[in-house]
Amino acid sequence: MSQSDNTAELATTSRLRTGVRGSELTTFALGGPIATLLEPRSVPELVNLMRLLGAQSESSASRSPRIIGAGSNLLIPDDGVTFPVVRLGREFSDWCFTDGTTLSLEELELLRSGAPCGFLKEQYQETILVFGGASLMSLSRKLSAQGLAGLEFAAGIPASIGGAIVMNAGAHGAAISNLVKRVYLVDEQGKLTILGNRDLNFGYRHAELPPRTLVCAVELELTPGDPALINQRRLENLEYRKQTQPLTLPSAGSVFRNPHTADQKIYAAQLLEAVGLKGERLGGVSFASQHSNWIVKHDAAGRAEEVMALIGLARERVFSTFQIELQAEIVSW
């Protein structure tokens, strides 16, 4: 089957766009064209798309798809990518209360479409189902207003729920793993896999998900409380981020994971500052002067290859000085 035939077949399963620049899909505002961007609009579309992509990738390794969420932890090459990229459409951005029972694909679609399900806040005040494309930051704001505690730490984190699960997003001593009851995944055979919290083996910026799966929905357990107090904690966390991180410039957040030794956790920012990289600039990007573990884009001339060069320089200097190998938190394609 030709490339055009593949594309035409994929277009029957989801919203399809071609040539969308990676800079439009990432918070770093970097990256060249994505040959094929696929956005399923319903659970049946997602199932059919994953099944078709699985079949295509078996016949050609270059057709193996990648998943993108909010693009807040991702660096896309300047030349772009030729493999298919899947992103849940805006139709997967909502949430609802549930009674905590395990759901089928059909039931997930009923909830996604807004069909009456009988789950009311008055009955079920602690468990919610969130679809994978939902904004973590927006969810934190809405749940705080509802008087549901747990996601205050996520104020100002521009991730999708699906991405937050993959990276076990966290801040201020809390993490998404503390709230997860179960995760609904769709694999490349279009099959549903349901994993509980323990199955995911959450760690620091890590979750063990089966390969070639997409986070369709997540069930979270929250704690009812005073909306005013919960929202105040959220706002305090947001203000702290504004004061300590360069949120006004394009970036992908923390560049490196904080190293751990047998005795202590070491902050990557301290290591980078110690080797003189705070504020170090290359072309249109630099290590931020406000937070040395962030690389920011200063102008339109910034390029992904410059970010990669700074990452390489940082690893080299830190290892030469401290014999510590920095591990990237940013994902690069």
# chains A, B, ... in the order shown; residues from 1 in each chain; ligands from 1
call {"tool": "select_by_dssp", "arguments": {"residues": "stretch 56-183 of chain A", "states": "strand (DSSP E or B)", "output": "ChimeraX atom specification"}}
result
/A:66-67,74-75,81-86,95-97,127-131,135,148-149,160,170-171,174-175,180-183
call {"tool": "residues_around", "arguments": {"residues": "A:Ser140", "least_positions_apart": "3", "cutoff": "8 Å", "atoms": "only C-alpha atoms", "output": "number ranges by chain"}}
result
A: 136-137, 143-144, 151-152, 154-155, 234
call {"tool": "select_by_dssp", "arguments": {"residues": "stretch 1-184 of chain A", "states": "helix (DSSP H, G or I)", "output": "PyMOL selection string"}}
result
chain A and resi 3-11+22-24+43-59+61-63+90-92+105-112+136-146+152-154+161-167+176-178
call {"tool": "residues_around", "arguments": {"residues": "A:Gln189", "least_positions_apart": "4", "cutoff": "9 Å", "atoms": "only C-alpha atoms", "output": "VMD selection string"}}
result
chain A and resid 47 to 48 50 to 55
call {"tool": "residues_around", "arguments": {"residues": "A:Ser113", "least_positions_apart": "3", "cutoff": "8 Å", "atoms": "only C-alpha atoms", "output": "JSON, numbers by chain"}}
result
{"A": [42, 109, 110]}
call {"tool": "write_last_selection", "arguments": {"atoms": "C-alpha atoms", "output": "compact mmCIF listing (two decimals), in the first residue's frame"}}
result
# COMPACT_ATOMS: atom_id res chain seq x y z
CA SER A 42 -14.50 9.41 19.97
CA GLU A 109 -17.84 6.43 25.04
CA LEU A 110 -21.20 7.10 26.70
call {"tool": "closest_residue", "arguments": {"among": "A:Gln264, A:Lys142, A:Val218, A:Gly156", "to": "A:Ser177", "atoms": "only C-alpha atoms"}}
result
A:Val218
call {"tool": "residues_around", "arguments": {"residues": "stretch 193-202 of chain A", "least_positions_apart": "6", "cutoff": "6 Å", "atoms": "only C-alpha atoms", "output": "PyMOL selection string"}}
result
chain A and resi 180-185+208
call {"tool": "residues_around", "arguments": {"residues": "A:Leu129", "least_positions_apart": "5", "cutoff": "12 Å", "atoms": "only C-alpha atoms", "output": "ChimeraX atom specification"}}
result
/A:92-103,107-109,111-112,119,124,134,139,161,179-184,216-222
call {"tool": "residues_around", "arguments": {"residues": "stretch 13-29 of chain A", "least_positions_apart": "6", "cutoff": "9 Å", "atoms": "only C-alpha atoms", "output": "ChimeraX atom specification"}}
result
/A:7,35-42,44-49,52,68-78,80-81,89,158,249-253,296-297,300,302,304
call {"tool": "closest_residue", "arguments": {"among": "A:Glu126, A:Glu325, A:Glu273, A:Glu91", "to": "A:Phe287", "atoms": "only C-alpha atoms"}}
result
A:Glu273
